[in-house]
Structures are given as C-alpha cells and as structure tokens.
>>> print(open('protein34.cif').read())   # mmCIF, C-alpha atoms and all ligand atoms
data_data
loop_
_atom_site.label_atom_id
_atom_site.label_comp_id
_atom_site.auth_asym_id
_atom_site.auth_seq_id
_atom_site.Cartn_x
_atom_site.Cartn_y
_atom_site.Cartn_z
CA MET A 1 0.00 0.00 0.00
CA GLU A 2 2.89 2.35 0.74
CA THR A 3 4.21 1.90 -2.81
CA GLU A 4 1.22 3.97 -4.00
CA VAL A 5 2.52 7.00 -2.12
CA LYS A 6 4.27 9.50 -4.37
CA LEU A 7 6.95 11.91 -3.24
CA SER A 8 5.04 14.72 -4.95
CA ASP A 9 2.10 14.07 -2.57
CA LEU A 10 4.42 14.60 0.41
CA LEU A 11 5.82 17.79 -1.09
CA ASP A 12 2.27 19.12 -1.57
CA ILE A 13 1.21 18.27 1.99
CA VAL A 14 4.30 19.81 3.57
CA SER A 15 4.10 22.98 1.50
CA LEU A 16 0.40 23.37 2.37
CA ALA A 17 1.26 22.95 6.06
CA LYS A 18 3.91 25.67 5.72
CA ALA A 19 1.45 28.01 3.99
CA THR A 20 -1.38 27.53 6.49
CA CYS A 21 0.20 26.89 9.91
CA ILE A 22 3.21 29.19 10.24
CA ASP A 23 2.68 32.55 11.91
CA ARG A 24 4.39 34.57 14.59
CA GLU A 25 1.34 34.74 16.87
CA HIS A 26 1.13 30.94 17.25
CA SER A 27 4.94 30.68 17.53
CA LEU A 28 4.67 32.70 20.73
CA LYS A 29 2.02 30.45 22.31
CA ILE A 30 4.43 28.21 24.17
CA LYS A 31 4.33 25.32 26.63
CA GLU A 32 7.36 23.93 28.47
CA LYS A 33 7.65 20.10 28.10
CA GLY A 34 10.80 19.90 30.24
CA PHE A 35 13.64 22.23 31.25
CA GLY A 36 14.29 24.44 28.20
CA ASN A 37 12.26 22.05 26.03
CA TYR A 38 9.34 23.93 24.51
CA VAL A 39 6.46 23.27 22.17
CA THR A 40 4.48 26.02 20.44
CA GLU A 41 1.02 26.05 18.92
CA VAL A 42 2.71 25.99 15.52
CA ASP A 43 4.27 22.59 16.32
CA MET A 44 0.86 21.24 17.37
CA ASN A 45 -1.00 22.74 14.38
CA VAL A 46 1.54 21.48 11.80
CA GLN A 47 1.47 17.97 13.31
CA ARG A 48 -2.35 17.86 13.39
CA PHE A 49 -2.57 19.14 9.80
CA ILE A 50 0.02 16.74 8.36
CA GLU A 51 -1.24 13.72 10.31
CA GLY A 52 -4.76 14.33 8.94
CA LYS A 53 -3.53 14.66 5.34
CA LEU A 54 -1.36 11.53 5.61
CA LYS A 55 -4.30 9.54 7.00
CA GLU A 56 -6.33 10.55 3.91
CA LEU A 57 -3.42 9.74 1.58
CA ALA A 58 -2.52 6.33 3.02
CA PRO A 59 -4.80 5.25 5.88
CA GLY A 60 -2.80 2.06 6.63
CA ILE A 61 0.54 3.71 7.40
CA GLN A 62 1.38 4.28 11.07
CA PHE A 63 2.22 7.78 12.26
CA MET A 64 5.12 8.74 14.52
CA GLY A 65 5.37 12.41 15.50
CA GLU A 66 7.37 14.37 18.07
CA GLU A 67 4.25 15.76 19.75
CA LYS A 68 2.58 12.42 20.52
CA ASN A 69 3.24 9.16 22.34
CA ASN A 70 4.93 6.72 19.96
CA ASP A 71 5.19 3.60 22.17
CA ASP A 72 2.94 1.48 19.95
CA ILE A 73 4.85 1.94 16.66
CA ASP A 74 5.74 -1.35 14.92
CA PHE A 75 8.81 -0.69 12.75
CA THR A 76 8.39 -3.94 10.84
CA LYS A 77 5.49 -2.15 9.13
CA PRO A 78 5.47 1.21 7.26
CA VAL A 79 5.58 4.38 9.38
CA TRP A 80 5.64 8.11 8.77
CA ILE A 81 8.22 9.89 10.93
CA LEU A 82 7.38 13.59 11.42
CA ASP A 83 8.98 16.47 13.24
CA PRO A 84 6.37 19.22 12.71
CA VAL A 85 8.95 21.87 13.63
CA ASP A 86 12.62 20.99 13.92
CA GLY A 87 14.28 24.04 15.41
CA THR A 88 11.52 24.98 17.86
CA SER A 89 13.84 27.15 19.99
CA ASN A 90 14.82 29.03 16.82
CA LEU A 91 11.12 29.50 16.00
CA ILE A 92 10.40 30.97 19.44
CA HIS A 93 13.39 33.32 19.20
CA ASP A 94 12.54 34.24 15.58
CA LEU A 95 15.96 33.01 14.42
CA GLN A 96 14.39 31.75 11.17
CA ASN A 97 16.19 28.41 11.02
CA SER A 98 13.36 25.89 11.40
CA VAL A 99 11.98 23.16 9.16
CA ILE A 100 9.26 20.57 8.77
CA SER A 101 10.89 17.12 8.55
CA LEU A 102 8.90 14.17 7.17
CA ALA A 103 10.16 10.68 6.30
CA LEU A 104 8.63 7.39 5.25
CA TYR A 105 10.21 4.27 6.78
CA SER A 106 9.14 1.02 5.13
CA GLY A 107 10.65 -2.43 4.64
CA ARG A 108 13.04 -1.58 7.47
CA GLU A 109 14.62 1.31 5.58
CA LEU A 110 14.09 4.99 4.87
CA VAL A 111 12.39 5.35 1.49
CA MET A 112 11.40 9.03 1.30
CA GLY A 113 12.45 12.19 3.08
CA VAL A 114 11.39 15.85 2.89
CA VAL A 115 12.94 18.78 4.77
CA CYS A 116 11.07 22.05 4.13
CA HIS A 117 12.59 25.33 5.34
CA LEU A 118 9.94 27.48 7.02
CA PHE A 119 11.64 30.82 6.34
CA ALA A 120 13.38 30.28 3.00
CA ASP A 121 12.12 29.01 -0.32
CA GLU A 122 14.12 25.78 0.01
CA THR A 123 12.70 22.26 0.07
CA PHE A 124 15.16 19.36 0.20
CA TYR A 125 13.91 15.88 -0.68
CA ALA A 126 15.11 12.40 -1.51
CA GLU A 127 13.79 9.02 -2.49
CA LYS A 128 15.74 5.80 -1.87
CA GLY A 129 17.88 5.01 -4.92
CA LYS A 130 16.75 8.11 -6.84
CA GLY A 131 19.05 10.84 -5.52
CA ALA A 132 18.55 13.99 -3.47
CA PHE A 133 17.21 17.34 -4.65
CA LEU A 134 16.79 20.97 -3.61
CA ASN A 135 13.83 22.69 -5.32
CA GLY A 136 14.11 20.30 -8.29
CA GLN A 137 17.89 20.46 -8.70
CA PRO A 138 20.11 17.47 -7.83
CA ILE A 139 22.32 18.02 -4.78
CA HIS A 140 25.56 16.37 -3.73
CA VAL A 141 27.79 16.43 -0.68
CA SER A 142 31.00 18.47 -0.88
CA ALA A 143 34.25 17.01 -2.19
CA VAL A 144 36.40 18.82 0.39
CA ASP A 145 38.98 16.47 1.86
CA ASP A 146 41.10 18.65 4.12
CA PHE A 147 40.33 19.96 7.58
CA SER A 148 41.36 23.55 6.85
CA ARG A 149 38.50 23.96 4.35
CA SER A 150 35.90 22.11 6.43
CA LEU A 151 32.93 23.77 8.11
CA VAL A 152 31.55 21.43 10.76
CA SER A 153 28.18 21.92 12.42
CA ILE A 154 27.76 20.81 16.00
CA GLY A 155 24.71 20.05 18.09
CA THR A 156 24.96 20.76 21.79
CA SER A 157 22.31 18.26 23.02
CA PRO A 158 20.77 21.07 25.08
CA TYR A 159 18.45 18.72 26.97
CA PHE A 160 21.39 16.77 28.39
CA LYS A 161 23.56 19.41 30.04
CA GLU A 162 25.43 16.71 31.97
CA MET A 163 27.15 15.84 28.69
CA ALA A 164 28.45 19.39 28.17
CA LYS A 165 32.06 18.72 29.24
CA GLU A 166 32.44 15.70 26.97
CA ASN A 167 30.65 17.44 24.07
CA PHE A 168 32.59 20.69 24.27
CA SER A 169 35.93 18.90 24.46
CA ILE A 170 35.03 17.18 21.15
CA PHE A 171 33.93 20.53 19.67
CA GLN A 172 37.18 22.18 20.76
CA THR A 173 39.28 19.53 19.00
CA ILE A 174 37.23 19.97 15.82
CA PHE A 175 37.37 23.78 16.08
CA GLU A 176 41.16 23.80 16.53
CA ASN A 177 41.70 21.65 13.44
CA CYS A 178 38.95 22.68 11.02
CA GLU A 179 38.06 25.96 9.29
CA ASP A 180 35.30 26.70 11.84
CA ILE A 181 32.26 25.29 13.59
CA ARG A 182 28.56 26.22 13.26
CA ARG A 183 25.53 25.74 15.55
CA ILE A 184 22.30 25.92 13.53
CA GLY A 185 19.86 24.44 16.06
CA SER A 186 17.90 22.15 13.75
CA ALA A 187 19.30 18.67 13.16
CA ALA A 188 17.21 18.20 10.03
CA LEU A 189 18.52 21.46 8.53
CA ASP A 190 22.11 20.55 9.46
CA LEU A 191 21.69 17.25 7.61
CA ALA A 192 20.10 18.99 4.60
CA TYR A 193 23.08 21.36 4.49
CA VAL A 194 25.54 18.43 4.58
CA ALA A 195 23.58 16.90 1.68
CA THR A 196 23.85 20.17 -0.26
CA GLY A 197 27.60 20.46 0.33
CA ARG A 198 27.27 23.64 2.41
CA LEU A 199 28.68 21.85 5.46
CA GLU A 200 31.34 19.14 5.42
CA ALA A 201 30.06 17.37 8.56
CA TYR A 202 27.54 17.52 11.41
CA LEU A 203 27.44 15.72 14.73
CA GLU A 204 25.09 15.63 17.72
CA LYS A 205 24.35 13.18 20.51
CA ARG A 206 21.01 11.73 21.60
CA LEU A 207 18.74 12.81 18.80
CA ASN A 208 15.36 11.24 18.17
CA PRO A 209 14.18 9.59 14.92
CA TRP A 210 11.98 12.58 13.96
CA ASP A 211 15.00 14.92 14.23
CA PHE A 212 17.11 12.98 11.73
CA ALA A 213 15.08 10.45 9.67
CA ALA A 214 14.45 12.61 6.58
CA GLY A 215 17.90 14.24 6.79
CA VAL A 216 19.69 10.89 6.94
CA LEU A 217 18.13 9.83 3.63
CA LEU A 218 19.04 13.22 2.11
CA VAL A 219 22.71 12.80 3.06
CA GLN A 220 22.86 9.18 1.88
CA GLU A 221 21.19 9.95 -1.44
CA ALA A 222 23.51 12.94 -1.92
CA GLY A 223 26.51 10.61 -1.69
CA GLY A 224 27.39 11.24 1.97
CA CYS A 225 27.57 9.09 5.03
CA VAL A 226 25.66 9.00 8.35
CA THR A 227 26.80 6.74 11.19
CA ASP A 228 26.85 6.65 14.97
CA TYR A 229 29.79 8.27 16.79
CA SER A 230 32.05 5.25 16.32
CA GLY A 231 31.38 5.03 12.59
CA GLY A 232 29.00 2.08 13.05
CA PRO A 233 25.57 1.65 11.44
CA LEU A 234 22.71 3.82 12.60
CA ASP A 235 19.36 2.47 13.79
CA VAL A 236 16.98 5.20 12.62
CA THR A 237 14.11 3.85 14.77
CA GLN A 238 15.89 4.71 18.06
CA THR A 239 17.42 7.65 19.91
CA ALA A 240 20.94 7.91 18.46
CA ASP A 241 24.22 9.80 18.35
CA ILE A 242 24.56 11.11 14.79
CA PHE A 243 27.78 11.67 12.84
CA ALA A 244 27.11 12.82 9.27
CA GLY A 245 29.40 14.09 6.57
CA ASN A 246 30.64 13.97 3.02
CA GLY A 247 32.13 10.53 3.71
CA ILE A 248 35.69 11.88 3.84
CA ILE A 249 35.83 14.56 6.52
CA ASP A 250 33.51 12.78 8.97
CA ARG A 251 35.73 9.68 8.82
CA LYS A 252 38.92 11.72 9.10
CA ILE A 253 37.57 13.58 12.16
CA ARG A 254 36.75 10.29 13.92
CA LYS A 255 40.03 8.62 13.00
CA GLU A 256 42.65 11.37 12.99
CA LEU A 257 41.28 13.96 15.42
CA LEU A 258 39.21 11.99 17.92
CA HIS A 259 40.90 8.56 17.54
CA TRP A 260 37.56 6.76 17.79
CA GLU A 261 38.22 4.35 14.90
P1 LIG A 301 13.44 20.39 18.03
O1 LIG A 301 13.77 21.73 17.55
O2 LIG A 301 12.39 19.70 17.24
O3 LIG A 301 13.11 20.43 19.49
C1 LIG A 301 18.93 20.87 18.71
O4 LIG A 301 20.08 20.52 19.39
C2 LIG A 301 18.31 19.67 18.06
O5 LIG A 301 17.90 18.73 19.09
C3 LIG A 301 17.06 20.03 17.32
O6 LIG A 301 16.96 19.28 16.13
C4 LIG A 301 15.97 19.69 18.31
O7 LIG A 301 14.72 19.43 17.77
C5 LIG A 301 16.53 18.43 18.91
N1 LIG A 301 15.84 18.03 20.15
C6 LIG A 301 14.82 18.62 20.74
N2 LIG A 301 14.41 18.00 21.85
C7 LIG A 301 15.19 16.98 22.00
C8 LIG A 301 15.28 15.95 22.98
N3 LIG A 301 14.50 15.91 24.03
N4 LIG A 301 16.19 15.02 22.81
C9 LIG A 301 17.00 15.07 21.74
N5 LIG A 301 16.99 16.03 20.80
C10 LIG A 301 16.10 16.97 20.92
CA CA A 302 10.19 19.44 17.03
#
>>> encode(input="protein34.cif", output="structure tokens", more="lines below")
Ligand code: 2AM
Ligand code: CA
Amino acid sequence: METEVKLSDLLDIVSLAKATCIDREHSLKIKEKGFGNYVTEVDMNVQRFIEGKLKELAPGIQFMGEEKNNDDIDFTKPVWILDPVDGTSNLIHDLQNSVISLALYSGRELVMGVVCHLFADETFYAEKGKGAFLNGQPIHVSAVDDFSRSLVSIGTSPYFKEMAKENFSIFQTIFENCEDIRRIGSAALDLAYVATGRLEAYLEKRLNPWDFAAGVLLVQEAGGCVTDYSGGPLDVTQTADIFAGNGIIDRKIRKELLHWE
C-alpha cells in the first residue's frame, strides 16, 4: 500500500502545512515540556494538519510524531516519521532556522524524506535510490577532503547538560583543526546542508528519529555518510548519536582527530 505514495504528494502536503500553519502569533504560544524544552502552537498545528492529510493519503501507514506518544509503533510495518517543527527554539526566538521534517520508513529502511525550510524558499527531498534534490535540482555532498577547508556543524544536546564537558571537548578539538564550527539548532537542517555540500560534517548526541530520519536519507542519497559516533551503522528507529558528513571529513575527524576508529 505504501508503494502507491508519491513523493510529490508529500511535497504538496508539507508545503500546504507551511502556507497555512506558520505565523508569529502561534509561535509565541508556548508550553514547556521539560527544562528548556518547549512546544508552540505551531508545532501542534503542523502535526495535526500533516497527520490528517497523511491519513487521507494512506490510511494504513502508522504515524510517529514528536508531539505524541509513539510507544505502539511497529517498525516492521510502514511508518511516517514527522517532526512538525525541527528548530523549535529558533522559532520561538525568531531566528528563522526551522523546518518541517517528514520521512517514510518502510521495509526496514528509509524510502522518502522531505525537509522544508519554514523561512526560506528551500525544500530538500530524496527518495531511496533516486538521488537527493533541492527545489528540483540534484544536490551532492561536498568534495572537500582537508580539515582547513571544512565547516563542521555541531549540536549541543541542550536537553542533556550533563554531557556538556564531553561534548565541548570534542567541539574544541574539531574547532582547533577545522576551518570553523557552526551551531544551527535544527538537526534536520544541518543534515540537509551536509547533503547540499554547504557543510562538510555535522554531529550531535542523543537525537530522536523525527529529528534525523528525513535528513539521513538526504545525506545518503547525496553521496554522503551517516553513522553513529564510532562510525558504526545507525538504527533510525531509536534515539541515536549522529555523525554525518561527506564521507571523507567525517571519517577523518573520527580517525585522525578523535581517535575513535
Ligand atoms: P526540536 O527543535 O524539534 O526540538 C537541537 O540541538 C536539536 O535537538 C534540534 O533538532 C531539536 O529538535 C533536537 N531536540 C529537541 N528535543 C530533543 C530531545 N529531548 N532530545 C534530543 N533532541 C532533541
Ligand atoms: Ca520538534
């Protein structure tokens, strides 16, 4: 049944959600889920809108979304994986780096992924085996192979402050050896930028499937690589530490700078 779903249907649904649910007033209606972990009415409205449209499109496919309980998901069967707003802190602060991230996981692999920028006219998408695209144009990871020309984006795992010492020591090593570091605040956008070749690598600990599912497929289909921190395979159905890159710099960072491989 999932084979009947077309990528163009997902692009339509996501762009309609962007057009109808994003406004400043709802971005400022905020609830705190945990320390520093917020949800706005925009997150809730986008999720409700997209879940409804996906149910009409393919009623048999399960739905996993950040703003719901996902305990009953069976990953042996098809499932949508949605982050209605990735970069919620950015949305609240009006930093204009937030996206909708939607993936389809089926047959125990990612088969479609869409990352739609909420404040720029940029939609990144990929289909398994068919390449990755930005607004209709094929995208590819960068070919940079030396540290001095590498821009590396870091995620600070803000909900796990107890990991700060370990995280920032890794970031310092990368900063001292690479061109510079960036902190965008949306894992899905970081991954889309790796896929587009704007960033050479991106790493962040303890992300959830909705943060990275669509972005992982983008990077893979753009010729890059996404692994866990030790370079091992990633289970996209679980909370994970994500190390993504153009397949050269990410490996070199782990081997030559961090000595993890
Ligand atoms: P969000 O904007 O959807 O909340 C920032 O470091 C990245 O971590 C963002 O992609 C952010 O997604 C994500 N994130 C948010 N809450 C998280 C949590 N509780 N655990 C792990 N990652 C989280
Ligand atoms: Ca979110």
>>> residues_near_ligand(input="protein34.cif", ligand="ligand LIG 301 (chain A)", cutoff="7 Å", atoms="all atoms listed in the file", output="list in words")
Asn37, Asp83, Val85, Asp86, Gly87, Thr88, Ser89, Gly155, Thr156, Ser157, Pro158, Tyr159, Gly185, Ser186, Ala187, Ala188, Arg206, Leu207, Asn208 and Asp211 of chain A
>>> residues_around(input="protein34.cif", residues="region 121-137 of chain A", least_positions_apart="5", cutoff="10 Å", atoms="all atoms listed in the file", output="PyMOL selection string")
chain A and resi 6-8+10-11+14-15+99-104+109-116+189+192-193+195-196+214-223
>>> closest_residue(input="protein34.cif", among="A:Arg183, A:Phe168, A:Glu67, A:Ile154", to="Phe243 (chain A)", atoms="only C-alpha atoms")
A:Ile154
>>> closest_residue(input="protein34.cif", among="A:His140, A:Arg182, A:Arg24, A:His93", to="Gly224 (chain A)", atoms="all atoms listed in the file")
A:His140
>>> closest_residue(input="protein34.cif", among="A:Met64, A:Leu82, A:Val226, A:Ile50", to="ligand CA 302 (chain A)", atoms="all atoms listed in the file")
A:Leu82
>>> atom_distance(input="protein34.cif", atom1="CA of Val152 (chain A)", atom2="CA of Asn97 (chain A)")
16.9 Å
>>> atom_distance(input="protein34.cif", atom1="CA of Leu257 (chain A)", atom2="CA of Ile174 (chain A)")
7.3 Å
>>> residues_around(input="protein34.cif", residues="Ser153 (chain A)", least_positions_apart="5", cutoff="7 Å", atoms="all atoms listed in the file", output="ChimeraX atom specification")
/A:181-183,190,199,201-203
>>> write_last_selection(input="protein34.cif", atoms="C-alpha atoms", output="compact mmCIF listing (two decimals), in the coordinates of the input")
# COMPACT_ATOMS: atom_id res chain seq x y z
CA ILE A 181 32.26 25.29 13.59
CA ARG A 182 28.56 26.22 13.26
CA ARG A 183 25.53 25.74 15.55
CA ASP A 190 22.11 20.55 9.46
CA LEU A 199 28.68 21.85 5.46
CA ALA A 201 30.06 17.37 8.56
CA TYR A 202 27.54 17.52 11.41
CA LEU A 203 27.44 15.72 14.73
>>> axis_aligned_box(input="protein34.cif", around="region 247-250 of chain A", padding_each_side="6 Å", output="lines of an AutoDock Vina configuration file")
center_x = 34.0
center_y = 12.5
center_z = 6.3
size_x = 15.7
size_y = 16.0
size_z = 17.3
>>> closest_residue(input="protein34.cif", among="A:Glu204, A:Asp72, A:Glu66, A:Glu162", to="Tyr229 (chain A)", atoms="only C-alpha atoms")
A:Glu204
>>> residues_around(input="protein34.cif", residues="region 245-247 of chain A", least_positions_apart="3", cutoff="6 Å", atoms="all atoms listed in the file", output="JSON, numbers by chain")
{"A": [141, 142, 200, 201, 224, 225, 250]}
>>> closest_residue(input="protein34.cif", among="A:Asp145, A:Pro209, A:Glu166, A:Asn70", to="ligand CA 302 (chain A)", atoms="only C-alpha atoms and all ligand atoms")
A:Pro209
>>> closest_residue(input="protein34.cif", among="A:Gly197, A:Ile184, A:Glu41, A:Ser106", to="Ile139 (chain A)", atoms="only C-alpha atoms")
A:Gly197
>>> atom_distance(input="protein34.cif", atom1="CA of Gln47 (chain A)", atom2="CA of Thr237 (chain A)")
19.0 Å
>>> residues_near_point(input="protein34.cif", point="(3.9, 29.5, 2.9)", cutoff="10 Å", atoms="all atoms listed in the file", output="number ranges by chain")
A: 14-23, 117-121
>>> residues_around(input="protein34.cif", residues="Lys31 (chain A)", least_positions_apart="3", cutoff="12 Å", atoms="only C-alpha atoms", output="ChimeraX atom specification")
/A:26-28,34-44,67,88-89,92
>>> residues_around(input="protein34.cif", residues="Glu4 (chain A)", least_positions_apart="6", cutoff="12 Å", atoms="only C-alpha atoms", output="VMD selection string")
chain A and resid 10 57 to 61
>>> decode(input="protein34.cif", residues="region 72-158 of chain A", atoms="C-alpha atoms", output="PDB file, in the first residue's frame")
ATOM      1  CA  ASP A  72       2.944   1.481  19.951  1.00  0.00           C
ATOM      2  CA  ILE A  73       4.854   1.943  16.656  1.00  0.00           C
ATOM      3  CA  ASP A  74       5.741  -1.349  14.923  1.00  0.00           C
ATOM      4  CA  PHE A  75       8.809  -0.692  12.755  1.00  0.00           C
ATOM      5  CA  THR A  76       8.389  -3.945  10.835  1.00  0.00           C
ATOM      6  CA  LYS A  77       5.488  -2.149   9.128  1.00  0.00           C
ATOM      7  CA  PRO A  78       5.470   1.211   7.261  1.00  0.00           C
ATOM      8  CA  VAL A  79       5.581   4.375   9.378  1.00  0.00           C
ATOM      9  CA  TRP A  80       5.643   8.110   8.767  1.00  0.00           C
ATOM     10  CA  ILE A  81       8.220   9.893  10.927  1.00  0.00           C
ATOM     11  CA  LEU A  82       7.375  13.586  11.424  1.00  0.00           C
ATOM     12  CA  ASP A  83       8.980  16.472  13.236  1.00  0.00           C
ATOM     13  CA  PRO A  84       6.369  19.218  12.709  1.00  0.00           C
ATOM     14  CA  VAL A  85       8.951  21.869  13.629  1.00  0.00           C
ATOM     15  CA  ASP A  86      12.618  20.989  13.923  1.00  0.00           C
ATOM     16  CA  GLY A  87      14.282  24.039  15.415  1.00  0.00           C
ATOM     17  CA  THR A  88      11.522  24.982  17.864  1.00  0.00           C
ATOM     18  CA  SER A  89      13.842  27.151  19.992  1.00  0.00           C
ATOM     19  CA  ASN A  90      14.822  29.030  16.821  1.00  0.00           C
ATOM     20  CA  LEU A  91      11.117  29.501  16.002  1.00  0.00           C
ATOM     21  CA  ILE A  92      10.395  30.970  19.435  1.00  0.00           C
ATOM     22  CA  HIS A  93      13.395  33.322  19.201  1.00  0.00           C
ATOM     23  CA  ASP A  94      12.542  34.244  15.582  1.00  0.00           C
ATOM     24  CA  LEU A  95      15.955  33.006  14.423  1.00  0.00           C
ATOM     25  CA  GLN A  96      14.388  31.751  11.168  1.00  0.00           C
ATOM     26  CA  ASN A  97      16.188  28.409  11.023  1.00  0.00           C
ATOM     27  CA  SER A  98      13.365  25.888  11.400  1.00  0.00           C
ATOM     28  CA  VAL A  99      11.980  23.161   9.156  1.00  0.00           C
ATOM     29  CA  ILE A 100       9.264  20.565   8.766  1.00  0.00           C
ATOM     30  CA  SER A 101      10.890  17.125   8.546  1.00  0.00           C
ATOM     31  CA  LEU A 102       8.903  14.174   7.168  1.00  0.00           C
ATOM     32  CA  ALA A 103      10.159  10.683   6.297  1.00  0.00           C
ATOM     33  CA  LEU A 104       8.627   7.390   5.252  1.00  0.00           C
ATOM     34  CA  TYR A 105      10.214   4.271   6.785  1.00  0.00           C
ATOM     35  CA  SER A 106       9.141   1.017   5.127  1.00  0.00           C
ATOM     36  CA  GLY A 107      10.650  -2.435   4.636  1.00  0.00           C
ATOM     37  CA  ARG A 108      13.035  -1.584   7.470  1.00  0.00           C
ATOM     38  CA  GLU A 109      14.619   1.313   5.578  1.00  0.00           C
ATOM     39  CA  LEU A 110      14.085   4.993   4.873  1.00  0.00           C
ATOM     40  CA  VAL A 111      12.393   5.346   1.492  1.00  0.00           C
ATOM     41  CA  MET A 112      11.395   9.032   1.301  1.00  0.00           C
ATOM     42  CA  GLY A 113      12.446  12.194   3.077  1.00  0.00           C
ATOM     43  CA  VAL A 114      11.394  15.849   2.891  1.00  0.00           C
ATOM     44  CA  VAL A 115      12.938  18.785   4.774  1.00  0.00           C
ATOM     45  CA  CYS A 116      11.075  22.048   4.132  1.00  0.00           C
ATOM     46  CA  HIS A 117      12.589  25.333   5.344  1.00  0.00           C
ATOM     47  CA  LEU A 118       9.943  27.475   7.024  1.00  0.00           C
ATOM     48  CA  PHE A 119      11.640  30.820   6.337  1.00  0.00           C
ATOM     49  CA  ALA A 120      13.383  30.285   3.003  1.00  0.00           C
ATOM     50  CA  ASP A 121      12.121  29.015  -0.321  1.00  0.00           C
ATOM     51  CA  GLU A 122      14.115  25.784   0.010  1.00  0.00           C
ATOM     52  CA  THR A 123      12.698  22.260   0.066  1.00  0.00           C
ATOM     53  CA  PHE A 124      15.156  19.363   0.200  1.00  0.00           C
ATOM     54  CA  TYR A 125      13.906  15.876  -0.679  1.00  0.00           C
ATOM     55  CA  ALA A 126      15.110  12.396  -1.511  1.00  0.00           C
ATOM     56  CA  GLU A 127      13.789   9.016  -2.487  1.00  0.00           C
ATOM     57  CA  LYS A 128      15.741   5.802  -1.873  1.00  0.00           C
ATOM     58  CA  GLY A 129      17.882   5.012  -4.923  1.00  0.00           C
ATOM     59  CA  LYS A 130      16.749   8.112  -6.842  1.00  0.00           C
ATOM     60  CA  GLY A 131      19.052  10.836  -5.520  1.00  0.00           C
ATOM     61  CA  ALA A 132      18.545  13.991  -3.472  1.00  0.00           C
ATOM     62  CA  PHE A 133      17.208  17.339  -4.653  1.00  0.00           C
ATOM     63  CA  LEU A 134      16.787  20.966  -3.608  1.00  0.00           C
ATOM     64  CA  ASN A 135      13.833  22.687  -5.319  1.00  0.00           C
ATOM     65  CA  GLY A 136      14.106  20.296  -8.287  1.00  0.00           C
ATOM     66  CA  GLN A 137      17.892  20.461  -8.703  1.00  0.00           C
ATOM     67  CA  PRO A 138      20.106  17.466  -7.828  1.00  0.00           C
ATOM     68  CA  ILE A 139      22.318  18.025  -4.783  1.00  0.00           C
ATOM     69  CA  HIS A 140      25.563  16.370  -3.734  1.00  0.00           C
ATOM     70  CA  VAL A 141      27.790  16.433  -0.679  1.00  0.00           C
ATOM     71  CA  SER A 142      30.995  18.467  -0.881  1.00  0.00           C
ATOM     72  CA  ALA A 143      34.254  17.014  -2.191  1.00  0.00           C
ATOM     73  CA  VAL A 144      36.404  18.815   0.392  1.00  0.00           C
ATOM     74  CA  ASP A 145      38.984  16.470   1.858  1.00  0.00           C
ATOM     75  CA  ASP A 146      41.105  18.649   4.116  1.00  0.00           C
ATOM     76  CA  PHE A 147      40.327  19.957   7.582  1.00  0.00           C
ATOM     77  CA  SER A 148      41.357  23.551   6.855  1.00  0.00           C
ATOM     78  CA  ARG A 149      38.503  23.957   4.352  1.00  0.00           C
ATOM     79  CA  SER A 150      35.895  22.113   6.429  1.00  0.00           C
ATOM     80  CA  LEU A 151      32.929  23.766   8.106  1.00  0.00           C
ATOM     81  CA  VAL A 152      31.548  21.427  10.756  1.00  0.00           C
ATOM     82  CA  SER A 153      28.179  21.920  12.425  1.00  0.00           C
ATOM     83  CA  ILE A 154      27.763  20.809  16.000  1.00  0.00           C
ATOM     84  CA  GLY A 155      24.708  20.051  18.086  1.00  0.00           C
ATOM     85  CA  THR A 156      24.956  20.763  21.792  1.00  0.00           C
ATOM     86  CA  SER A 157      22.314  18.258  23.024  1.00  0.00           C
ATOM     87  CA  PRO A 158      20.765  21.069  25.081  1.00  0.00           C
TER      88      PRO A 158
END
